[in-house]
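Structure below is target26.txt: compact mmCIF, C-alpha atoms and all ligand atoms.
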# COMPACT_ATOMS: atom_id res chain seq x y z
CA ALA A 1 0.00 0.00 0.00
CA SER A 2 1.59 3.22 -1.15
CA GLY A 3 -0.86 5.83 0.10
CA LEU A 4 -1.63 7.00 3.59
CA THR A 5 -2.61 3.89 5.55
CA VAL A 6 -5.12 4.52 8.34
CA LEU A 7 -6.39 2.17 11.01
CA GLY A 8 -9.97 3.07 11.96
CA ILE A 9 -11.55 2.28 15.34
CA GLU A 10 -15.28 2.61 16.03
CA SER A 11 -16.78 2.12 19.50
CA SER A 12 -19.51 4.75 19.91
CA CYS A 13 -22.31 2.33 20.75
CA ASP A 14 -22.70 -1.44 20.59
CA GLU A 15 -20.41 -2.42 17.72
CA SER A 16 -16.67 -2.92 18.17
CA ALA A 17 -15.25 -2.28 14.71
CA VAL A 18 -11.83 -1.92 13.08
CA ALA A 19 -10.76 -1.26 9.49
CA ILE A 20 -7.69 -0.34 7.46
CA TYR A 21 -8.08 2.15 4.63
CA ASP A 22 -5.30 3.24 2.31
CA THR A 23 -5.69 6.42 0.27
CA SER A 24 -4.28 4.81 -2.88
CA ALA A 25 -5.23 1.14 -2.47
CA GLY A 26 -8.66 1.69 -0.88
CA LEU A 27 -10.18 -0.41 1.86
CA LEU A 28 -7.73 -3.19 2.79
CA GLY A 29 -9.90 -4.94 5.35
CA HIS A 30 -12.45 -4.52 8.11
CA HIS A 31 -13.94 -6.43 11.03
CA LEU A 32 -16.85 -5.93 13.32
CA PHE A 33 -18.02 -7.57 16.50
CA SER A 34 -21.66 -6.84 17.28
CA GLN A 35 -22.73 -6.81 20.92
CA ILE A 36 -26.40 -7.28 20.06
CA GLU A 37 -26.71 -10.58 21.93
CA LEU A 38 -25.15 -9.08 25.03
CA HIS A 39 -27.77 -6.32 25.22
CA GLN A 40 -30.77 -8.12 23.77
CA ILE A 41 -32.09 -9.45 27.08
CA TYR A 42 -32.18 -5.89 28.44
CA GLY A 43 -34.15 -4.57 25.45
CA GLY A 44 -31.53 -1.93 24.67
CA VAL A 45 -27.85 -1.05 24.96
CA VAL A 46 -26.46 -1.11 28.53
CA PRO A 47 -23.62 1.48 28.43
CA GLU A 48 -21.37 -0.09 31.08
CA LEU A 49 -21.55 -3.54 29.46
CA ALA A 50 -20.81 -1.96 26.08
CA SER A 51 -17.63 -0.27 27.39
CA ARG A 52 -16.33 -3.45 28.97
CA ASP A 53 -16.94 -5.47 25.85
CA HIS A 54 -15.17 -2.93 23.64
CA ILE A 55 -12.10 -3.29 25.85
CA ARG A 56 -12.34 -7.07 25.61
CA LYS A 57 -12.85 -7.31 21.87
CA MET A 58 -11.00 -4.43 20.23
CA ILE A 59 -7.36 -5.56 20.56
CA PRO A 60 -8.06 -9.14 19.34
CA LEU A 61 -10.00 -7.65 16.40
CA ILE A 62 -7.10 -5.35 15.51
CA LYS A 63 -4.62 -8.26 15.71
CA GLN A 64 -6.80 -10.43 13.50
CA LEU A 65 -7.25 -7.64 10.96
CA MET A 66 -3.53 -6.79 10.85
CA ASN A 67 -2.66 -10.46 10.31
CA GLU A 68 -5.16 -10.87 7.51
CA VAL A 69 -4.20 -7.65 5.76
CA ASN A 70 -0.52 -8.46 6.04
CA GLN A 71 -1.08 -11.89 4.51
CA SER A 72 -2.97 -10.38 1.59
CA GLN A 73 -0.27 -7.82 0.78
CA ILE A 74 3.15 -8.38 -0.79
CA GLU A 75 4.89 -6.57 2.06
CA PRO A 76 3.66 -6.10 5.61
CA ILE A 77 1.72 -2.86 5.82
CA LYS A 78 2.79 0.11 7.88
CA VAL A 79 -0.01 1.98 9.60
CA ASP A 80 0.63 5.73 9.18
CA ALA A 81 -2.14 7.01 11.43
CA ILE A 82 -5.07 5.97 13.58
CA ALA A 83 -8.57 7.43 13.28
CA TYR A 84 -11.03 6.78 16.08
CA THR A 85 -14.59 7.83 16.80
CA GLN A 86 -14.37 10.73 19.21
CA GLY A 87 -18.14 11.24 19.48
CA PRO A 88 -21.05 11.56 19.67
CA GLY A 89 -22.04 8.37 21.47
CA LEU A 90 -21.92 6.61 24.82
CA MET A 91 -19.18 8.18 26.94
CA GLY A 92 -17.64 4.99 28.32
CA ALA A 93 -17.79 3.25 24.96
CA LEU A 94 -16.08 6.21 23.27
CA LEU A 95 -13.41 6.33 25.96
CA SER A 96 -12.60 2.64 25.46
CA GLY A 97 -11.91 3.13 21.75
CA SER A 98 -10.10 6.46 22.27
CA ALA A 99 -7.77 5.00 24.89
CA ILE A 100 -6.91 2.04 22.67
CA ALA A 101 -6.28 4.41 19.73
CA ALA A 102 -4.03 6.69 21.78
CA SER A 103 -2.10 3.74 23.26
CA LEU A 104 -1.43 2.21 19.85
CA ALA A 105 -0.45 5.61 18.47
CA TYR A 106 2.08 5.95 21.30
CA ALA A 107 3.48 2.45 20.73
CA TRP A 108 3.65 2.83 16.94
CA LYS A 109 4.79 6.48 17.02
CA VAL A 110 2.03 7.58 14.66
CA PRO A 111 -0.65 10.29 15.01
CA ALA A 112 -4.16 9.53 16.26
CA LEU A 113 -7.06 11.65 15.06
CA GLY A 114 -10.56 11.85 16.57
CA VAL A 115 -13.36 11.65 14.00
CA HIS A 116 -17.01 12.72 14.24
CA HIS A 117 -19.15 9.58 14.02
CA MET A 118 -21.72 11.29 11.80
CA GLU A 119 -19.04 12.53 9.40
CA GLY A 120 -18.13 8.87 9.05
CA HIS A 121 -21.73 7.98 8.15
CA LEU A 122 -21.92 11.00 5.84
CA LEU A 123 -18.88 9.94 3.82
CA ALA A 124 -19.55 6.17 3.87
CA PRO A 125 -21.01 6.11 0.31
CA MET A 126 -17.64 7.43 -0.94
CA LEU A 127 -16.14 4.00 -0.15
CA GLU A 128 -18.17 2.52 -3.02
CA THR A 129 -16.99 2.13 -6.61
CA ASN A 130 -19.16 4.92 -8.00
CA PRO A 131 -18.67 7.63 -5.35
CA PRO A 132 -20.73 10.84 -5.45
CA ALA A 133 -19.06 14.06 -6.64
CA PHE A 134 -19.43 17.27 -4.64
CA PRO A 135 -21.71 19.04 -4.03
CA PHE A 136 -24.42 16.65 -2.82
CA ILE A 137 -27.37 16.59 -0.47
CA ALA A 138 -26.99 14.04 2.34
CA LEU A 139 -29.78 12.44 4.31
CA LEU A 140 -28.32 11.08 7.54
CA ILE A 141 -30.72 8.69 9.22
CA SER A 142 -29.50 6.78 12.26
CA GLY A 143 -30.54 5.90 15.79
CA GLY A 144 -29.57 9.33 17.07
CA HIS A 145 -29.79 11.63 14.05
CA THR A 146 -32.13 12.60 11.22
CA GLN A 147 -30.51 15.38 9.25
CA ILE A 148 -30.50 16.85 5.77
CA ILE A 149 -27.10 18.33 5.00
CA ARG A 150 -25.63 20.21 2.06
CA VAL A 151 -22.10 18.89 1.45
CA ASP A 152 -19.82 21.07 -0.68
CA ASP A 153 -16.55 19.35 0.20
CA ILE A 154 -14.91 17.33 2.98
CA GLY A 155 -15.56 19.40 6.09
CA GLN A 156 -17.93 21.82 4.36
CA TYR A 157 -21.31 20.88 5.73
CA LYS A 158 -24.43 22.97 6.05
CA LEU A 159 -27.31 21.65 8.12
CA LEU A 160 -30.53 22.27 6.17
CA GLY A 161 -33.04 20.23 8.16
CA ASP A 162 -33.22 18.27 11.38
CA THR A 163 -35.71 16.33 13.47
CA LEU A 164 -37.45 18.35 16.14
CA ASP A 165 -37.84 15.32 18.41
CA ASP A 166 -37.06 11.60 17.84
CA ALA A 167 -34.57 10.40 15.24
CA ALA A 168 -35.98 8.14 12.49
CA GLY A 169 -34.12 5.10 13.87
CA GLU A 170 -35.37 5.84 17.35
CA ALA A 171 -38.96 5.78 16.02
CA PHE A 172 -38.27 2.34 14.47
CA ASP A 173 -36.78 1.09 17.73
CA LYS A 174 -39.67 2.40 19.84
CA THR A 175 -42.31 1.03 17.47
CA ALA A 176 -40.65 -2.39 17.67
CA LYS A 177 -40.62 -2.23 21.44
CA MET A 178 -44.33 -1.32 21.65
CA LEU A 179 -45.23 -4.21 19.38
CA GLY A 180 -43.16 -6.55 21.56
CA LEU A 181 -40.67 -7.23 18.76
CA GLY A 182 -37.51 -6.58 20.77
CA TYR A 183 -34.22 -4.84 20.02
CA PRO A 184 -32.81 -3.60 17.70
CA GLY A 185 -36.05 -2.43 16.17
CA GLY A 186 -35.18 -1.26 12.65
CA PRO A 187 -34.32 -4.61 11.08
CA ILE A 188 -37.26 -6.36 12.82
CA VAL A 189 -39.83 -3.73 11.79
CA SER A 190 -38.52 -3.94 8.21
CA LYS A 191 -38.85 -7.70 8.24
CA TYR A 192 -42.44 -7.61 9.53
CA ALA A 193 -43.33 -4.84 7.06
CA LEU A 194 -42.56 -7.21 4.17
CA ASN A 195 -45.71 -9.19 5.02
CA GLY A 196 -47.79 -6.14 5.90
CA ASP A 197 -50.88 -4.91 4.06
CA PRO A 198 -50.19 -1.31 2.99
CA ASP A 199 -53.92 -0.48 2.88
CA ARG A 200 -55.08 -1.57 6.32
CA TYR A 201 -53.79 1.42 8.28
CA HIS A 202 -52.89 4.90 7.20
CA PHE A 203 -50.36 6.78 9.30
CA PRO A 204 -50.01 10.58 9.23
CA ARG A 205 -47.14 12.22 7.31
CA PRO A 206 -45.67 14.50 9.97
CA MET A 207 -44.65 18.09 9.04
CA LEU A 208 -45.42 17.72 5.35
CA ASP A 209 -48.10 20.39 5.60
CA ARG A 210 -45.47 22.84 6.83
CA PRO A 211 -42.79 24.49 4.72
CA GLY A 212 -39.11 23.86 5.41
CA LEU A 213 -36.93 20.85 5.93
CA ASP A 214 -37.39 20.05 9.60
CA MET A 215 -38.94 16.74 10.56
CA SER A 216 -40.68 15.08 13.50
CA PHE A 217 -41.08 11.39 14.26
CA SER A 218 -42.38 11.16 17.81
CA GLY A 219 -45.99 11.40 16.59
CA LEU A 220 -45.59 8.30 14.43
CA LYS A 221 -44.42 6.30 17.42
CA THR A 222 -47.53 7.41 19.35
CA PHE A 223 -49.68 6.52 16.35
CA SER A 224 -48.15 3.02 16.33
CA LEU A 225 -48.90 2.66 20.03
CA ASN A 226 -52.54 3.78 19.69
CA THR A 227 -53.12 1.54 16.68
CA TRP A 228 -51.69 -1.45 18.54
CA GLN A 229 -53.69 -0.72 21.71
CA ASN A 230 -56.90 -0.57 19.68
CA ALA A 231 -56.00 -3.89 18.08
CA VAL A 232 -55.47 -5.38 21.55
CA LYS A 233 -58.90 -4.09 22.66
CA GLN A 234 -60.53 -5.59 19.60
CA GLY A 235 -58.76 -8.89 20.14
CA VAL A 236 -56.83 -8.69 16.87
CA ASP A 237 -53.38 -8.35 18.41
CA THR A 238 -51.90 -10.84 15.96
CA ASP A 239 -48.66 -11.05 14.02
CA GLN A 240 -50.58 -9.96 10.91
CA THR A 241 -51.65 -6.78 12.71
CA ARG A 242 -48.04 -6.22 13.76
CA ALA A 243 -46.94 -6.61 10.15
CA ASP A 244 -49.66 -4.22 8.92
CA ILE A 245 -48.64 -1.59 11.49
CA CYS A 246 -44.96 -1.99 10.55
CA ARG A 247 -45.81 -1.55 6.89
CA ALA A 248 -47.93 1.58 7.46
CA PHE A 249 -45.30 3.04 9.78
CA GLU A 250 -42.46 2.37 7.34
CA LEU A 251 -44.41 3.91 4.45
CA ALA A 252 -45.06 7.05 6.50
CA VAL A 253 -41.37 7.42 7.39
CA ALA A 254 -40.29 6.75 3.79
CA GLU A 255 -42.70 9.28 2.31
CA THR A 256 -41.84 11.95 4.86
CA LEU A 257 -38.11 11.57 4.22
CA THR A 258 -38.64 11.54 0.46
CA VAL A 259 -40.72 14.72 0.38
CA LYS A 260 -38.21 16.55 2.60
CA CYS A 261 -35.29 15.44 0.40
CA LYS A 262 -37.15 16.54 -2.72
CA ARG A 263 -37.60 19.98 -1.20
CA ALA A 264 -33.88 20.19 -0.37
CA LEU A 265 -32.92 19.19 -3.92
CA ILE A 266 -35.26 21.77 -5.42
CA ALA A 267 -34.13 24.53 -3.05
CA THR A 268 -30.42 23.96 -3.76
CA GLY A 269 -30.57 22.89 -7.41
CA ILE A 270 -28.38 19.89 -6.52
CA ASN A 271 -29.28 16.56 -8.12
CA ARG A 272 -27.15 14.07 -6.15
CA LEU A 273 -28.53 12.50 -2.99
CA VAL A 274 -26.42 10.55 -0.51
CA VAL A 275 -28.33 8.44 2.03
CA SER A 276 -26.47 7.02 4.99
CA GLY A 277 -26.77 5.85 8.62
CA GLY A 278 -28.41 2.70 10.02
CA VAL A 279 -31.91 3.48 8.73
CA SER A 280 -30.59 3.72 5.16
CA ALA A 281 -30.46 -0.09 5.24
CA ASN A 282 -34.27 -0.03 5.06
CA ARG A 283 -35.65 -1.43 1.83
CA ALA A 284 -38.77 0.74 1.56
CA ILE A 285 -36.83 3.94 2.29
CA ARG A 286 -34.17 3.02 -0.25
CA ALA A 287 -36.82 2.26 -2.88
CA SER A 288 -38.67 5.51 -2.29
CA LEU A 289 -35.52 7.68 -2.47
CA THR A 290 -34.22 5.78 -5.50
CA ALA A 291 -37.55 6.41 -7.27
CA LEU A 292 -37.34 10.10 -6.37
CA MET A 293 -33.91 10.43 -7.97
CA GLN A 294 -35.03 8.51 -11.04
CA GLN A 295 -37.95 10.90 -11.50
CA ARG A 296 -35.60 13.85 -11.17
CA GLY A 297 -32.97 12.43 -13.51
CA GLY A 298 -30.43 12.52 -10.69
CA GLU A 299 -28.58 9.90 -8.74
CA ALA A 300 -29.02 8.33 -5.29
CA TYR A 301 -25.97 6.96 -3.48
CA PHE A 302 -26.13 4.44 -0.64
CA PRO A 303 -23.38 2.65 1.24
CA ARG A 304 -23.32 -1.14 0.89
CA LEU A 305 -25.62 -2.63 3.57
CA GLU A 306 -22.87 -3.49 6.07
CA PHE A 307 -21.62 0.12 5.94
CA CYS A 308 -25.06 1.64 6.55
CA THR A 309 -24.92 0.74 10.23
CA ASP A 310 -21.95 1.47 12.48
CA ASN A 311 -18.59 0.32 11.13
CA ALA A 312 -14.94 1.37 11.20
CA ALA A 313 -14.37 1.58 7.43
CA MET A 314 -16.22 4.91 7.41
CA ILE A 315 -14.13 6.16 10.35
CA ALA A 316 -10.83 5.16 8.70
CA PHE A 317 -12.02 6.82 5.48
CA ALA A 318 -13.14 10.08 7.12
CA GLY A 319 -9.91 10.18 9.17
CA ALA A 320 -7.80 9.65 6.04
CA GLN A 321 -9.56 12.57 4.29
CA ARG A 322 -8.93 14.84 7.26
CA LEU A 323 -5.29 13.78 7.58
CA GLN A 324 -4.73 14.33 3.87
CA ALA A 325 -6.18 17.81 4.24
CA GLY A 326 -3.49 18.48 6.84
CA GLN A 327 -5.49 18.07 10.01
CA HIS A 328 -3.77 16.17 12.78
CA ASN A 329 -3.49 15.87 16.52
CA PRO A 330 0.16 16.43 17.52
CA THR A 331 -0.37 15.22 21.09
CA LEU A 332 -1.66 11.95 22.45
CA ASN A 333 -4.36 13.77 24.39
CA PHE A 334 -7.83 12.58 23.66
CA SER A 335 -11.25 13.76 24.75
CA ALA A 336 -14.35 11.75 24.06
CA LYS A 337 -17.43 13.84 23.38
CA ALA A 338 -20.75 12.19 24.25
CA ARG A 339 -22.52 15.17 22.65
CA TRP A 340 -21.00 16.81 19.61
CA PRO A 341 -23.14 18.92 17.27
O1 LIG B 401 -26.05 4.20 12.28
P1 LIG B 401 -26.46 3.23 13.33
O2 LIG B 401 -25.95 1.82 13.25
O3 LIG B 401 -26.09 3.74 14.76
C1 LIG B 401 -26.25 5.08 15.12
O4 LIG B 401 -25.29 5.88 14.85
O5 LIG B 401 -27.33 5.38 15.65
O6 LIG B 401 -28.06 3.24 13.31
C2 LIG B 401 -28.79 2.42 14.15
C3 LIG B 401 -30.26 2.65 13.86
C4 LIG B 401 -31.17 1.93 14.84
O7 LIG B 401 -32.17 2.82 15.26
C5 LIG B 401 -31.73 0.79 14.00
O8 LIG B 401 -32.99 0.35 14.44
C6 LIG B 401 -31.79 1.42 12.64
O9 LIG B 401 -30.59 2.17 12.55
N1 LIG B 401 -31.84 0.42 11.56
C7 LIG B 401 -32.87 0.32 10.69
C8 LIG B 401 -32.58 -0.79 9.85
N2 LIG B 401 -31.38 -1.31 10.22
C9 LIG B 401 -30.94 -0.55 11.27
N3 LIG B 401 -34.00 1.03 10.58
C10 LIG B 401 -34.87 0.68 9.60
N4 LIG B 401 -34.67 -0.36 8.77
C11 LIG B 401 -33.56 -1.11 8.85
N5 LIG B 401 -33.38 -2.14 8.01
ZN ZN B 402 -23.95 5.34 13.68
Go ahead and render the structure in this file as structure tokens.
Ligand code: KG4
Ligand code: ZN
Amino acid sequence: ASGLTVLGIESSCDESAVAIYDTSAGLLGHHLFSQIELHQIYGGVVPELASRDHIRKMIPLIKQLMNEVNQSQIEPIKVDAIAYTQGPGLMGALLSGSAIAASLAYAWKVPALGVHHMEGHLLAPMLETNPPAFPFIALLISGGHTQIIRVDDIGQYKLLGDTLDDAAGEAFDKTAKMLGLGYPGGPIVSKYALNGDPDRYHFPRPMLDRPGLDMSFSGLKTFSLNTWQNAVKQGVDTDQTRADICRAFELAVAETLTVKCKRALIATGINRLVVSGGVSANRAIRASLTALMQQRGGEAYFPRLEFCTDNAAMIAFAGAQRLQAGQHNPTLNFSAKARWP
């Protein structure tokens, strides 16, 4: 590998992930250990357990990745820098990854750079073979964020729209919980929605009657709850009803996001749409946004499915872009930021 070789470390929530990205050779390898099973019995992520498991898993993952990458290359690789998720996320989980990054940087005598988790998601589609050119409109939809951003270049981001309450992923997770479908909610709701009747229930389309690009998803979650409670009262609290609610809910989220993106494209005159973050794995949302871009003669860009949700490839990539632009952290100091706008 002849470019800048960056080891990425992601530990903001419940995935321990590592990746190596080289600016000339591309992504050399990546690994992820999901803690889903650890947290499943609690119905959500338990921060303290997440931190401990990151500490347990991260070093073995890095060793495994380094071995594999070295075997696949003619010469052993030399890591030039480390990029780690500095925030936002769970404080203890972030600290685990940051401390490992800083320790390795000290041992290897290379710089370590903190990366914004959402910048990672934002740039994830650029890891694919047909990356978007600047400028583009980005829809970031994850468990903690729902944002429409104008991207003019690396580091040049303008927030155009945001959720006023719950994030889109949060609404999926809460809907799943109310229907007794467990955690994590997004993939389960999507799966149920496949068998759902789109005509049985009609959910509202929040904020579409108002101008602007802001969004709101807490009402949909309440609508799911009321619909389910009525079904329980009527004795039709079946799996079919669950599927029908999931379908109606998903359609409402997809249409809301699509209309807001359309407005952003029209307002800016930009015809490239990047969609990223965990919720971008959703089939109905992908289909709706792809159709929008087809109608407009533009292009929609999504990360491959495994890079929609949390991963370290996007962190290594974002870190490499920042390092190439001259940004670096000359000290080994690190500060995790649980909140980071
Ligand atoms: O990006 P991500 O892995 O972590 C955060 O940075 O939040 O996103 C996780 C979110 C969760 O709310 C999860 O339920 C949602 O993404 N999600 C999905 C799907 N897969 C994951 N939501 C809808 N459909 C999916 N297929
Ligand atoms: Zn994320």
Using all atoms listed in the file, which residues sit within 10 Å of Gly297 in chain A once same-chain residues fewer than 6 positions away are excluded, as number ranges by chain? A: 271-272, 291
Residue nearest Ala284 in chain A - candidates A:Ile245, A:Leu332, A:Met66, A:Ala254, atoms counted: only C-alpha atoms: A:Ala254
Expected selection as a list in words for ligand ZN 402 (chain B) within 9 Å, all atoms listed in the file: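 Listing the residues within 9 Å of ligand ZN 402 (chain B) gives Ser12, Cys13, Gly89, His117, Met118, Gly120, His121, Ile141, Ser142, Gly143, Gly144, His145, Gly277, Gly278, Cys308, Thr309, Asp310 and Asn311 of chain A.
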I'd like to know which of A:Thr227, A:Thr258, A:Ser11, A:Gln64 is closest to ligand LIG 401 (chain B), using all atoms listed in the file.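 Ranked by minimum distance to ligand LIG 401 (chain B), first place goes to A:Ser11.
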Counting all atoms listed in the file, which residues have an atom no more than 8 Å from (-22.3, 1.4, -2.9) in the file's coordinates? Please list them as a list in words. Pro125, Met126, Leu127, Glu128, Thr129, Asn130, Pro131, Tyr301, Phe302, Pro303 and Arg304 of chain A
Return the single residue from A:Ser218, A:Ser103, A:Thr241, A:Ser280 that is closest to Phe334 in chain A, with distances computed using only C-alpha atoms. A:Ser103
Shortest interatomic distance to ligand LIG 401 (chain B) - which of A:Ile20, A:Leu113, A:Val6, A:Val189, counting all atoms listed in the file: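 Checking each of A:Ile20, A:Leu113, A:Val6, A:Val189 against ligand LIG 401 (chain B), counting all atoms listed in the file, the winner is A:Val189.
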Please define a box with edges along x, y and z of the file around all atoms of ligand LIG 401 (chain B) given in the file, extend it by 8 Å on each side, and return its centre and edge lengths in Å to one decimal, as JSON.
{"center_x": -30.1, "center_y": 1.9, "center_z": 11.8, "size_x": 25.6, "size_y": 24.0, "size_z": 23.6}
Between A:Lys174, A:Lys63, A:Arg56, A:His39, which one has atoms that come closest to Gly97 in chain A, using all atoms listed in the file?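 Using all atoms listed in the file, Gly97 in chain A sits closest to A:Arg56.
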Selected residue, from A:Leu27, A:Val275, A:Ala325, A:Ile36, that lies nearest to Leu140 in chain A when counting only C-alpha atoms: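 The shortest atom-to-atom distance to Leu140 in chain A comes from A:Val275.
Note that CA of Asp197 in chain A and CA of Arg247 in chain A are 6.7 Å apart.
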Which residues are close to Ser16 in chain A, i.e. within 10 Å by all atoms listed in the file, leaving aside same-chain residues fewer than 3 positions away? Reply as a compact mmCIF listing (two decimals) with C-alpha atoms, in the coordinates of the input.
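Saved result, selection_9.txt, follows:
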# COMPACT_ATOMS: atom_id res chain seq x y z
CA ILE A 9 -11.55 2.28 15.34
CA GLU A 10 -15.28 2.61 16.03
CA SER A 11 -16.78 2.12 19.50
CA SER A 12 -19.51 4.75 19.91
CA CYS A 13 -22.31 2.33 20.75
CA HIS A 31 -13.94 -6.43 11.03
CA LEU A 32 -16.85 -5.93 13.32
CA PHE A 33 -18.02 -7.57 16.50
CA SER A 34 -21.66 -6.84 17.28
CA GLN A 35 -22.73 -6.81 20.92
CA ALA A 50 -20.81 -1.96 26.08
CA SER A 51 -17.63 -0.27 27.39
CA ASP A 53 -16.94 -5.47 25.85
CA HIS A 54 -15.17 -2.93 23.64
CA ILE A 55 -12.10 -3.29 25.85
CA ARG A 56 -12.34 -7.07 25.61
CA LYS A 57 -12.85 -7.31 21.87
CA MET A 58 -11.00 -4.43 20.23
CA ILE A 59 -7.36 -5.56 20.56
CA LEU A 61 -10.00 -7.65 16.40
CA ALA A 93 -17.79 3.25 24.96
CA GLY A 97 -11.91 3.13 21.75
CA ASP A 310 -21.95 1.47 12.48
CA ASN A 311 -18.59 0.32 11.13
CA ALA A 312 -14.94 1.37 11.20
CA of Ile41 in chain A to atom C11 of ligand LIG 401 (chain B): how many Å, to one decimal?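 So the two atoms, CA of Ile41 in chain A and atom C11 of ligand LIG 401 (chain B), lie 20.1 Å apart.
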Could you tell me how far CA of Phe307 in chain A sits from CA of Ile77 in chain A, in Å to one decimal place?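 If I compute the distance from CA of Ile77 in chain A to CA of Phe307 in chain A, I get 23.5 Å.
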Thr175 in chain A: which residues within 9 Å, counting only C-alpha atoms, same-chain residues fewer than 6 positions away excluded, as a PyMOL selection string? chain A and resi 181+185-186+189+220-222+224-225+246+249
Can you tell me, as a PyMOL selection string, what residues are no more than 10 Å from Phe317 in chain A when counting all atoms listed in the file, ignoring any on the same chain fewer than 3 positions away? chain A and resi 5-8+19-23+26-27+83+115+119-120+123-124+126-127+312-314+320-323
Could you model N, CA and C atoms for range 244-255 of chain A and present them as an mmCIF file, keeping the file's coordinate frame?
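Written file, out.cif:
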data_model
loop_
_atom_site.group_PDB
_atom_site.id
_atom_site.type_symbol
_atom_site.label_atom_id
_atom_site.label_comp_id
_atom_site.auth_asym_id
_atom_site.auth_seq_id
_atom_site.Cartn_x
_atom_site.Cartn_y
_atom_site.Cartn_z
ATOM 1 N N ASP A 244 -48.939 -5.314 9.579
ATOM 2 C CA ASP A 244 -49.660 -4.220 8.920
ATOM 3 C C ASP A 244 -49.270 -2.868 9.517
ATOM 4 N N ILE A 245 -49.078 -2.831 10.841
ATOM 5 C CA ILE A 245 -48.640 -1.590 11.490
ATOM 6 C C ILE A 245 -47.223 -1.236 11.018
ATOM 7 N N CYS A 246 -46.343 -2.238 10.994
ATOM 8 C CA CYS A 246 -44.960 -1.990 10.550
ATOM 9 C C CYS A 246 -44.936 -1.431 9.139
ATOM 10 N N ARG A 247 -45.786 -1.998 8.277
ATOM 11 C CA ARG A 247 -45.810 -1.550 6.890
ATOM 12 C C ARG A 247 -46.269 -0.096 6.793
ATOM 13 N N ALA A 248 -47.373 0.216 7.507
ATOM 14 C CA ALA A 248 -47.930 1.580 7.460
ATOM 15 C C ALA A 248 -46.937 2.574 8.057
ATOM 16 N N PHE A 249 -46.285 2.177 9.131
ATOM 17 C CA PHE A 249 -45.300 3.040 9.780
ATOM 18 C C PHE A 249 -44.126 3.314 8.831
ATOM 19 N N GLU A 250 -43.612 2.250 8.238
ATOM 20 C CA GLU A 250 -42.460 2.370 7.340
ATOM 21 C C GLU A 250 -42.783 3.267 6.133
ATOM 22 N N LEU A 251 -44.002 3.088 5.586
ATOM 23 C CA LEU A 251 -44.410 3.910 4.450
ATOM 24 C C LEU A 251 -44.471 5.383 4.828
ATOM 25 N N ALA A 252 -44.955 5.653 6.045
ATOM 26 C CA ALA A 252 -45.060 7.050 6.500
ATOM 27 C C ALA A 252 -43.674 7.659 6.657
ATOM 28 N N VAL A 253 -42.740 6.910 7.229
ATOM 29 C CA VAL A 253 -41.370 7.420 7.390
ATOM 30 C C VAL A 253 -40.745 7.643 6.006
ATOM 31 N N ALA A 254 -40.901 6.661 5.119
ATOM 32 C CA ALA A 254 -40.290 6.750 3.790
ATOM 33 C C ALA A 254 -40.822 7.959 3.031
ATOM 34 N N GLU A 255 -42.141 8.159 3.083
ATOM 35 C CA GLU A 255 -42.700 9.280 2.310
ATOM 36 C C GLU A 255 -42.271 10.619 2.895
#
